[in-house]
Amino acid sequence: MQNIVRVYVWQLPVRFYHWINAFAVVVLAVTGYLIGSPLALQNGSEASFSYWFGTVRFIHFVTAFVFFFNFLFRLFWGFVGNKYSDWRNFIIFRKEQIEEVKNVLAVDILQGRVQPLESIGHNPLAGFTYFLTFLVFLFQSITGFGMYAAMSHSWLPRLFAWIVPLMGGDFAVRQWHHMLMWFFIIFAIVHTYLVFYHDYVEGRGVTSSMVGGWKFIEKEKQA
């Protein structure tokens, strides 16, 4: 029987960030889709009594603020958190990281390896993928606040008002903002699949680790 130990990988702030971010992305995607393609709801009452679209926009804007500040917090935690949440895990710059990326591709996509990989935190490919999502997070925040600046006197959206003329007008910004919404949807599908896949083939608590923070590792691997 293998000697298994528990390793505390994901600290509480990282787990809070993950679930707040997941909730925010779902709400932003649903409300964003409705804003782009609103439902033609029929109502026999006075028009001023029906404010469902305004409510959808309000939810979208409030969630965008939550999403943005949660994202800033994760950037901060990348400098003060433990070694598994360190910002260096998201940038591939060492030879051994490149080799492990090849191994991850062989397991997850090409199915060319039988034995699963045994990274304790994020493997290099996952880390780099999250780095790309951070760039998309930033782009969506800038373009979203840039469009919101036209109808807001708040200081935060006004900081990004420059993006609209830079990208060729409000219509172009909306198109890019909408297209990258589908990036989140596709990423969420792939991410969920890989989490359950690795949890099944490795049996190391990948799924539950984002709830309790612990993974199960062979003692020699931990060392």
# chains A, B, ... in the order shown; residues from 1 in each chain; ligands from 1

call {"tool": "select_by_dssp", "arguments": {"residues": "range 8-223 of chain A", "states": "strand (DSSP E)", "output": "MDAnalysis selection string"}}
result
chainID A and resid 8 214:218

call {"tool": "residues_around", "arguments": {"residues": "His60 in chain A", "least_positions_apart": "2", "cutoff": "9 Å", "atoms": "only C-alpha atoms", "output": "list in words"}}
result
Val27, Leu28, Ala29, Val30, Thr31, Gly32, Ile35, Thr55, Val56, Arg57, Phe58, Val62, Thr63, Ala64 and Phe65 of chain A

call {"tool": "atom_distance", "arguments": {"atom1": "CA of His177 in chain A", "atom2": "CA of Phe139 in chain A"}}
result
8.2 Å

call {"tool": "residues_around", "arguments": {"residues": "range 67-77 of chain A", "least_positions_apart": "3", "cutoff": "9 Å", "atoms": "only C-alpha atoms", "output": "ChimeraX atom specification"}}
result
/A:13-14,17,20-21,24-25,28,62-64,80-82,85-87,134,137-138,141

call {"tool": "write_last_selection", "arguments": {"atoms": "C-alpha atoms", "output": "compact mmCIF listing (two decimals), in the first residue's frame"}}
result
# COMPACT_ATOMS: atom_id res chain seq x y z
CA PRO A 13 -8.21 33.08 -0.18
CA VAL A 14 -7.46 31.12 -3.37
CA TYR A 17 -11.32 33.64 -5.38
CA ILE A 20 -16.43 33.94 -6.53
CA ASN A 21 -14.85 34.07 -9.98
CA ALA A 24 -19.27 35.95 -11.48
CA VAL A 25 -18.37 34.45 -14.87
CA LEU A 28 -21.78 37.85 -16.51
CA VAL A 62 -22.59 45.00 -10.20
CA THR A 63 -21.16 41.57 -10.97
CA ALA A 64 -18.53 43.20 -13.18
CA VAL A 80 1.96 36.93 -0.89
CA GLY A 81 0.41 33.43 -1.03
CA ASN A 82 2.08 30.04 -0.70
CA SER A 85 -0.38 30.22 -5.75
CA ASP A 86 2.83 32.06 -6.64
CA TRP A 87 2.72 34.13 -9.86
CA PHE A 134 -5.96 36.52 -16.74
CA PHE A 137 -10.09 38.89 -17.68
CA LEU A 138 -8.17 42.15 -17.99
CA SER A 141 -12.72 44.44 -17.61

call {"tool": "residues_around", "arguments": {"residues": "range 199-211 of chain A", "least_positions_apart": "6", "cutoff": "8 Å", "atoms": "only C-alpha atoms", "output": "ChimeraX atom specification"}}
result
/A:9-10,15,18,116,217

call {"tool": "write_last_selection", "arguments": {"atoms": "C-alpha atoms", "output": "short mmCIF file (atom, residue, chain, number, x, y, z; two decimals), in the first residue's frame"}}
result
data_model
loop_
_atom_site.label_atom_id
_atom_site.label_comp_id
_atom_site.auth_asym_id
_atom_site.auth_seq_id
_atom_site.Cartn_x
_atom_site.Cartn_y
_atom_site.Cartn_z
CA VAL A 9 -2.26 23.21 -1.50
CA TRP A 10 -5.02 25.78 -2.01
CA ARG A 15 -10.54 28.96 -2.87
CA HIS A 18 -12.03 30.53 -7.44
CA PRO A 116 -0.84 10.35 -15.00
CA ILE A 217 0.22 12.91 -2.45
#

call {"tool": "atom_distance", "arguments": {"atom1": "CA of Leu132 in chain A", "atom2": "CA of Ser152 in chain A"}}
result
29.3 Å

call {"tool": "decode", "arguments": {"residues": "range 175-210 of chain A", "atoms": "N, CA and C atoms", "output": "compact mmCIF listing (two decimals), in the first residue's frame"}}
result
# COMPACT_ATOMS: atom_id res chain seq x y z
N GLN A 175 -18.47 44.20 -29.94
CA GLN A 175 -18.25 42.95 -30.67
C GLN A 175 -17.14 42.13 -30.04
N TRP A 176 -16.02 42.77 -29.72
CA TRP A 176 -14.91 42.06 -29.09
C TRP A 176 -15.30 41.56 -27.69
N HIS A 177 -16.01 42.40 -26.96
CA HIS A 177 -16.44 42.03 -25.61
C HIS A 177 -17.36 40.82 -25.67
N HIS A 178 -18.24 40.79 -26.65
CA HIS A 178 -19.17 39.68 -26.79
C HIS A 178 -18.46 38.40 -27.24
N MET A 179 -17.53 38.51 -28.19
CA MET A 179 -16.83 37.33 -28.69
C MET A 179 -16.03 36.64 -27.59
N LEU A 180 -15.39 37.44 -26.74
CA LEU A 180 -14.58 36.84 -25.69
C LEU A 180 -15.43 36.26 -24.57
N MET A 181 -16.72 36.58 -24.54
CA MET A 181 -17.61 35.89 -23.62
C MET A 181 -17.61 34.40 -23.92
N TRP A 182 -17.53 34.04 -25.21
CA TRP A 182 -17.52 32.63 -25.60
C TRP A 182 -16.22 31.95 -25.20
N PHE A 183 -15.15 32.71 -25.06
CA PHE A 183 -13.91 32.15 -24.54
C PHE A 183 -14.15 31.59 -23.13
N PHE A 184 -14.86 32.35 -22.30
CA PHE A 184 -15.14 31.90 -20.94
C PHE A 184 -15.99 30.65 -20.93
N ILE A 185 -16.98 30.60 -21.82
CA ILE A 185 -17.87 29.45 -21.88
C ILE A 185 -17.10 28.19 -22.28
N ILE A 186 -16.29 28.31 -23.34
CA ILE A 186 -15.50 27.16 -23.80
C ILE A 186 -14.48 26.76 -22.74
N PHE A 187 -13.82 27.75 -22.13
CA PHE A 187 -12.84 27.45 -21.08
C PHE A 187 -13.49 26.72 -19.91
N ALA A 188 -14.69 27.15 -19.50
CA ALA A 188 -15.37 26.52 -18.37
C ALA A 188 -15.68 25.06 -18.67
N ILE A 189 -16.09 24.77 -19.91
CA ILE A 189 -16.40 23.39 -20.29
C ILE A 189 -15.14 22.52 -20.24
N VAL A 190 -14.06 23.00 -20.86
CA VAL A 190 -12.81 22.24 -20.89
C VAL A 190 -12.23 22.09 -19.49
N HIS A 191 -12.26 23.17 -18.73
CA HIS A 191 -11.71 23.16 -17.36
C HIS A 191 -12.44 22.14 -16.50
N THR A 192 -13.77 22.14 -16.56
CA THR A 192 -14.56 21.20 -15.76
C THR A 192 -14.26 19.75 -16.16
N TYR A 193 -14.16 19.50 -17.46
CA TYR A 193 -13.84 18.15 -17.92
C TYR A 193 -12.49 17.69 -17.40
N LEU A 194 -11.46 18.54 -17.53
CA LEU A 194 -10.12 18.14 -17.11
C LEU A 194 -10.02 17.94 -15.61
N VAL A 195 -10.74 18.74 -14.84
CA VAL A 195 -10.71 18.56 -13.38
C VAL A 195 -11.26 17.19 -13.01
N PHE A 196 -12.40 16.81 -13.58
CA PHE A 196 -12.97 15.51 -13.27
C PHE A 196 -12.13 14.38 -13.86
N TYR A 197 -11.54 14.62 -15.03
CA TYR A 197 -10.68 13.61 -15.65
C TYR A 197 -9.48 13.30 -14.77
N HIS A 198 -8.78 14.34 -14.33
CA HIS A 198 -7.59 14.13 -13.49
C HIS A 198 -7.98 13.57 -12.13
N ASP A 199 -9.14 13.98 -11.62
CA ASP A 199 -9.59 13.44 -10.35
C ASP A 199 -9.84 11.94 -10.46
N TYR A 200 -10.34 11.52 -11.61
CA TYR A 200 -10.65 10.09 -11.82
C TYR A 200 -9.38 9.26 -12.03
N VAL A 201 -8.47 9.74 -12.90
CA VAL A 201 -7.30 8.91 -13.23
C VAL A 201 -6.21 9.00 -12.17
N GLU A 202 -6.16 10.07 -11.39
CA GLU A 202 -5.10 10.22 -10.41
C GLU A 202 -5.57 9.87 -8.99
N GLY A 203 -6.86 10.15 -8.69
CA GLY A 203 -7.39 9.84 -7.37
C GLY A 203 -6.70 10.58 -6.25
N ARG A 204 -6.39 11.86 -6.51
CA ARG A 204 -5.64 12.63 -5.51
C ARG A 204 -6.44 13.80 -4.94
N GLY A 205 -7.76 13.78 -5.15
CA GLY A 205 -8.59 14.83 -4.55
C GLY A 205 -8.54 16.15 -5.28
N VAL A 206 -8.37 16.12 -6.60
CA VAL A 206 -8.30 17.37 -7.36
C VAL A 206 -9.57 18.18 -7.21
N THR A 207 -10.71 17.52 -7.30
CA THR A 207 -11.99 18.23 -7.21
C THR A 207 -12.23 18.77 -5.81
N SER A 208 -12.09 17.92 -4.81
CA SER A 208 -12.37 18.34 -3.43
C SER A 208 -11.34 19.34 -2.92
N SER A 209 -10.16 19.41 -3.55
CA SER A 209 -9.12 20.32 -3.06
C SER A 209 -9.54 21.78 -3.17
N MET A 210 -10.44 22.10 -4.11
CA MET A 210 -10.87 23.48 -4.23
C MET A 210 -12.00 23.80 -3.26
